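> Here's a structure for you.
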Amino acid sequence: MFTFSSKYFLLFLLAFPCGLLSVGHVAADSDSAEDIVDDSEAAVDEEEDDEEVIVEEDQIQASEGDEYDSDEAADRLLTSHPDADTTIVFTTREEFPANEIVRFLVGFTNKGSQGFTVQSLETSFRYPQDFQIYIQNFTALPLNTVVKPQAQASFEYSFIPAQPMAGRPFGLVILLNYLDTEGNVYQSAIYNQTVTITEREEGLDGETMFMYVFLVGLVALVLFGIYQVLDSRMKRRIPVKIEKGTTGINDVDISWIPQETLNVMNKASPKTPPRKRTKRAAGTDQ
């Protein structure tokens, strides 16, 4: 019995270490597999990051290229042709009154050997500190006029500055757009200066009329008050005459009455007054 149990015990001692070794090997194999998976995922992530970086760099380069192309196109549009010469003359003097018409003439001279097609004429008021900001943009004048080599052409344009812009400086920009025979676009800045919009001085506006009416009413009110004060003082100084009437016959002028009439009146009227006669009559009765 003891020998049988000892055999099983020896087998257990031999099998237990082998089991531990196999379990450790399996765990090591699983860990190594997980490491391999993690390494592969990290490699994939790095590849994706690299691809994203490459794509972003490509996008940035493309956007920079687009911006450069747009800037280059803008610069090309703002460039004038060396064979084109432009002049400007303000027919209403170089003044810019608010809410009034301003007219000017633009002269275009083709000094080259190819023709130009003048497309349009643009005018706008800009912010004086930043000419990219539009304050008042006027309607472009379509021209579509062909100017042959060694020829000239003139164009008239008019605009009206807004009334709220009076008394303020603004940048006036006048642009002329034209094409050559190859279809290239050019633009000449005919006028690009800061001007001041003046206020209209002729005529009376509503505010001025109201001010004049208010001043006239105020002066009339002051004069009426002065008249009332002086009138009250004059009434205090002038004495009031009280009519007493006639006190006796001597105060009455009877020279115009005929003498015959006076004699009749003296005979008919008693010499004593009625009151004295009544007193005498009362005394005799006593």
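In the structure tokens, chains take letters A, B, ... by order of appearance, with residues numbered from 1 within each chain and ligands from 1 in the order shown.
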DSSP on the backbone, then: every residue of range 130-267 of chain A marked strand (DSSP E), written as a ChimeraX atom specification.
/A:130-137,141-147,152-159,169-180,185-196
> So which residues touch range 139-141 of chain A within 6 Å, counting only C-alpha atoms, skipping near sequence neighbours fewer than 3 positions away, as number ranges by chain?
A: 120-122
> With N, CA and C atoms kept, could you save the residues just selected as a PDB file, in the first residue's frame?

```
ATOM      1  N   SER A 120     -15.134  98.187 -68.581  1.00  0.00           N
ATOM      2  CA  SER A 120     -15.980  98.873 -67.610  1.00  0.00           C
ATOM      3  C   SER A 120     -15.162  99.895 -66.838  1.00  0.00           C
ATOM      4  N   LEU A 121     -15.906 100.776 -66.157  1.00  0.00           N
ATOM      5  CA  LEU A 121     -15.320 101.821 -65.319  1.00  0.00           C
ATOM      6  C   LEU A 121     -15.965 101.722 -63.947  1.00  0.00           C
ATOM      7  N   GLU A 122     -15.145 101.584 -62.900  1.00  0.00           N
ATOM      8  CA  GLU A 122     -15.631 101.380 -61.539  1.00  0.00           C
ATOM      9  C   GLU A 122     -15.211 102.557 -60.654  1.00  0.00           C
TER      10      GLU A 122
END
```
> Kindly give the distance, in Å, that separates CA of Tyr157 in chain A and CA of Glu95 in chain A, rounded to a single decimal.
15.0 Å
> Just the residues within 7 Å of Phe155 in chain A, please, counting only C-alpha atoms, with nothing from its chain fewer than 5 positions along; format it as a PDB file with all heavy atoms, in the first residue's frame.

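Written out: around.pdb:
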```pdb
ATOM      1  N   LEU A 105     -14.302 113.032 -66.606  1.00  0.00           N
ATOM      2  CA  LEU A 105     -14.001 112.411 -67.894  1.00  0.00           C
ATOM      3  C   LEU A 105     -12.720 111.612 -67.777  1.00  0.00           C
ATOM      4  O   LEU A 105     -11.740 112.078 -67.181  1.00  0.00           O
ATOM      5  CB  LEU A 105     -13.856 113.472 -68.983  1.00  0.00           C
ATOM      6  CG  LEU A 105     -15.123 114.220 -69.398  1.00  0.00           C
ATOM      7  CD1 LEU A 105     -14.774 115.344 -70.369  1.00  0.00           C
ATOM      8  CD2 LEU A 105     -16.136 113.270 -70.022  1.00  0.00           C
ATOM      9  N   VAL A 106     -12.708 110.424 -68.363  1.00  0.00           N
ATOM     10  CA  VAL A 106     -11.550 109.542 -68.370  1.00  0.00           C
ATOM     11  C   VAL A 106     -11.058 109.411 -69.802  1.00  0.00           C
ATOM     12  O   VAL A 106     -11.836 109.057 -70.706  1.00  0.00           O
ATOM     13  CB  VAL A 106     -11.890 108.164 -67.772  1.00  0.00           C
ATOM     14  CG1 VAL A 106     -10.714 107.210 -67.918  1.00  0.00           C
ATOM     15  CG2 VAL A 106     -12.285 108.293 -66.317  1.00  0.00           C
ATOM     16  N   GLY A 107      -9.786 109.694 -69.997  1.00  0.00           N
ATOM     17  CA  GLY A 107      -9.188 109.542 -71.316  1.00  0.00           C
ATOM     18  C   GLY A 107      -8.316 108.306 -71.386  1.00  0.00           C
ATOM     19  O   GLY A 107      -7.530 108.029 -70.467  1.00  0.00           O
TER      20      GLY A 107
END
```
> Using CA of Ser158 in chain A and CA of Leu179 in chain A as the two end points, give the distance in Å to one decimal.
23.3 Å
